[in-house]
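Student: Structure incoming, see below.
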Amino acid sequence: MKLVPHWHRDTRMTTDLRRALIIVAPPNPVVAAWRWRYEIVLLAALAASLTLAIISIGVWPTIGALTVTTLTVLFWPPARQLVVDRAWCIITTHRVRVGCAEAMIYSSRGKIPIIVWTSHQPFGERVLLWCRAGTSVDDFVTTRAILTSACWAQDVAVLPDTRPHLVTLDVIRRPPYNHTSGPAGNRATDPPNWPSPRPGDEERT
């Protein structure tokens with residue numbers, strides 16, 4: 001009986017080399033639909049709403065209502081900010097997945113960590129991830145620069161969780177950033193070093 005060598009279990013090979021030889025697994029249709037659920041729901045809801053509106057009130061009144069709604073979102077600051085914040089949460093979710101793939105943060109089966117949720121924060125977005133077997137918080141700490149670039153952010157802070165399979169990423173787009181504000185008060189690992197304010201900066205803010 002011929003034995004198939006399990007090269008990925010060879011302790012002489014480094015983790016980076018093992019991952020470099022692994023192809024990121026494409027998502028199956030269910031996972032892909034889940035990752036794009038917000039866009040799918042938004043398009044479906046928009047199509048259904050427009051169809052019902054046209055049937056109920058006609059084409060031109062529907063166009064008028066759509067125009068008013070669009071102008072309200074564009075020119076009413078609270079509505080515009082709400083839409084922008086939610087859009088960045090969705091964008092960040094996709095960019096974190098790209099960052100994990102580019103930083104080779106995935107299991108021996110090519111599976112990247114699972115994004116549990118993403119929330120808006122004053123500094124940007126906070127992302128909670130479930131680390132699959134074979135990945136850990138250390139992978140995120142050593143690849144912060146790659147994750148920052150992938151997320152189009154100023155910096156990314158990594159906050160360990162009391163549960164070792166969870167890790168929180170703070171995607172920082174706007175300073176200042178309080179690195180003690182993470183889950184359960186955990187400090188960020190290798191927090192960002194923002195430049196110290198210069199004399200007179202307080203007067204200009």
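Scheme for the structure tokens: letters A, B, ... for chains in order shown; per-chain residue numbers from 1; ligand numbers from 1 in order shown.
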Give me every strand (DSSP E or B) residue in range 11-160 of chain A, going by DSSP on the backbone, as a CSV table (one decimal) with N, CA and C atoms, in the first residue's frame.

Tutor:
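The result, written out as states-v8.csv:
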chain,number,residue,atom,x,y,z
A,114,ILE,N,-13.7,33.5,9.4
A,114,ILE,CA,-15.1,33.8,9.2
A,114,ILE,C,-15.3,35.2,9.9
A,115,ILE,N,-15.9,36.1,9.1
A,115,ILE,CA,-16.3,37.4,9.7
A,115,ILE,C,-17.6,37.2,10.4
A,116,VAL,N,-17.6,37.5,11.7
A,116,VAL,CA,-18.9,37.3,12.5
A,116,VAL,C,-19.8,38.5,12.3
A,117,TRP,N,-19.2,39.7,12.5
A,117,TRP,CA,-19.9,40.9,12.3
A,117,TRP,C,-19.0,42.1,12.2
A,118,THR,N,-19.6,43.2,11.6
A,118,THR,CA,-18.8,44.4,11.4
A,118,THR,C,-19.7,45.6,11.9
A,119,SER,N,-19.1,46.5,12.7
A,119,SER,CA,-19.8,47.6,13.2
A,119,SER,C,-19.1,48.9,12.9
A,120,HIS,N,-19.9,50.0,12.8
A,120,HIS,CA,-19.3,51.3,12.6
A,120,HIS,C,-18.8,51.9,14.0
A,121,GLN,N,-17.7,52.5,14.0
A,121,GLN,CA,-17.1,53.1,15.1
A,121,GLN,C,-16.6,54.5,14.8
A,124,GLY,N,-13.7,54.3,12.6
A,124,GLY,CA,-13.8,53.6,11.3
A,124,GLY,C,-14.7,52.4,11.5
A,125,GLU,N,-14.2,51.2,11.4
A,125,GLU,CA,-15.0,50.0,11.6
A,125,GLU,C,-14.3,49.0,12.5
A,126,ARG,N,-15.1,48.2,13.2
A,126,ARG,CA,-14.6,47.2,14.0
A,126,ARG,C,-15.1,45.8,13.5
A,127,VAL,N,-14.2,44.9,13.3
A,127,VAL,CA,-14.6,43.6,12.7
A,127,VAL,C,-14.2,42.5,13.6
A,128,LEU,N,-15.2,41.6,13.9
A,128,LEU,CA,-14.9,40.4,14.7
A,128,LEU,C,-14.8,39.2,13.8
A,129,LEU,N,-13.7,38.5,14.0
A,129,LEU,CA,-13.5,37.3,13.1
A,129,LEU,C,-13.4,36.0,14.0
A,130,TRP,N,-13.8,34.9,13.4
A,130,TRP,CA,-13.6,33.6,14.0
A,130,TRP,C,-12.5,32.9,13.3
A,155,ASP,N,-4.6,52.6,9.4
A,155,ASP,CA,-4.0,51.6,10.2
A,155,ASP,C,-5.0,50.5,10.6
A,156,VAL,N,-4.5,49.4,11.0
A,156,VAL,CA,-5.3,48.3,11.5
A,156,VAL,C,-4.8,47.9,12.9
A,157,ALA,N,-5.6,47.9,13.9
A,157,ALA,CA,-5.2,47.4,15.2
A,157,ALA,C,-5.8,46.1,15.5
A,158,VAL,N,-5.0,45.2,16.1
A,158,VAL,CA,-5.4,43.8,16.4
A,158,VAL,C,-5.7,43.7,17.9
A,159,LEU,N,-6.9,43.3,18.2
A,159,LEU,CA,-7.3,43.2,19.6
A,159,LEU,C,-7.6,41.7,19.9
A,160,PRO,N,-6.7,41.0,20.7
A,160,PRO,CA,-7.0,39.6,21.1
A,160,PRO,C,-8.2,39.6,22.0

Student: Show me, as a list in words, the residues that have an atom within 12 Å of Pro27 in chain A when counting only C-alpha atoms, minus same-chain residues fewer than 6 positions from it.

Tutor: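 Residues meeting the cut-off are Ala33, Trp34, Arg35, Trp36, Arg97, Arg109, Gly110, Lys111, Ile112 and Ile114 of chain A.
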
Student: Keeping C-alpha atoms for every residue in the selection just given, could you write it to a file as a PDB file, in the first residue's frame?

Tutor:
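Result saved to again-v2.pdb:
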ATOM      1  CA  ALA A  33     -24.551  34.304  -1.254  1.00  0.00           C
ATOM      2  CA  TRP A  34     -23.969  34.890   2.465  1.00  0.00           C
ATOM      3  CA  ARG A  35     -20.961  37.126   1.813  1.00  0.00           C
ATOM      4  CA  TRP A  36     -22.957  39.218  -0.666  1.00  0.00           C
ATOM      5  CA  ARG A  97     -11.448  38.966   3.253  1.00  0.00           C
ATOM      6  CA  ARG A 109      -7.700  23.710   3.422  1.00  0.00           C
ATOM      7  CA  GLY A 110      -7.466  27.254   2.068  1.00  0.00           C
ATOM      8  CA  LYS A 111     -10.293  28.609   4.239  1.00  0.00           C
ATOM      9  CA  ILE A 112      -9.996  32.200   5.442  1.00  0.00           C
ATOM     10  CA  ILE A 114     -15.075  33.818   9.216  1.00  0.00           C
TER      11      ILE A 114
END

Student: For CA of Leu21 in chain A and CA of Ala103 in chain A, quote the distance in Å rounded to one decimal.

Tutor: 13.2 Å

Student: Between CA of Val84 in chain A and CA of Thr67 in chain A, what is the distance, to one decimal in Å?

Tutor: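 It comes out at 18.5 Å.
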
Student: Could you check the closest approach to Ala25 in chain A for each of A:His165, A:Asp139, A:Pro113, A:Val171 and tell me which residue wins, using only C-alpha atoms?

Tutor: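 Between A:His165, A:Asp139, A:Pro113, A:Val171, the residue approaching Ala25 in chain A most closely is A:Pro113.
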
Student: Which is closer to Pro175 in chain A than all the others in A:Gln154, A:Thr148, A:Thr142, A:Thr93, using only C-alpha atoms?

Tutor: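 Using only C-alpha atoms, Pro175 in chain A sits closest to A:Gln154.
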
Student: Determine, for each residue of range 84-153 of chain A having at least one atom at most 12 Å from an atom of range 37-50 of chain A, the closest pair of atoms and their separation in Å to one decimal, counting only C-alpha atoms; order by chain and ascending number, as a tab-separated table.

Tutor:
residue	atom	partner	partner_atom	distance
A:Arg86	CA	A:Tyr38	CA	10.3
A:Ala87	CA	A:Tyr38	CA	9.9
A:Cys89	CA	A:Tyr38	CA	10.6
A:Ile90	CA	A:Tyr38	CA	7.6
A:Ile91	CA	A:Tyr38	CA	10.6
A:Thr93	CA	A:Tyr38	CA	10.9
A:His94	CA	A:Tyr38	CA	11.4

Student: What residues in range 58-173 of chain A get the DSSP label alpha helix (DSSP H)? Please answer as a PyMOL selection string.

Tutor: chain A and resi 59-75+77-102+137-141+144-150
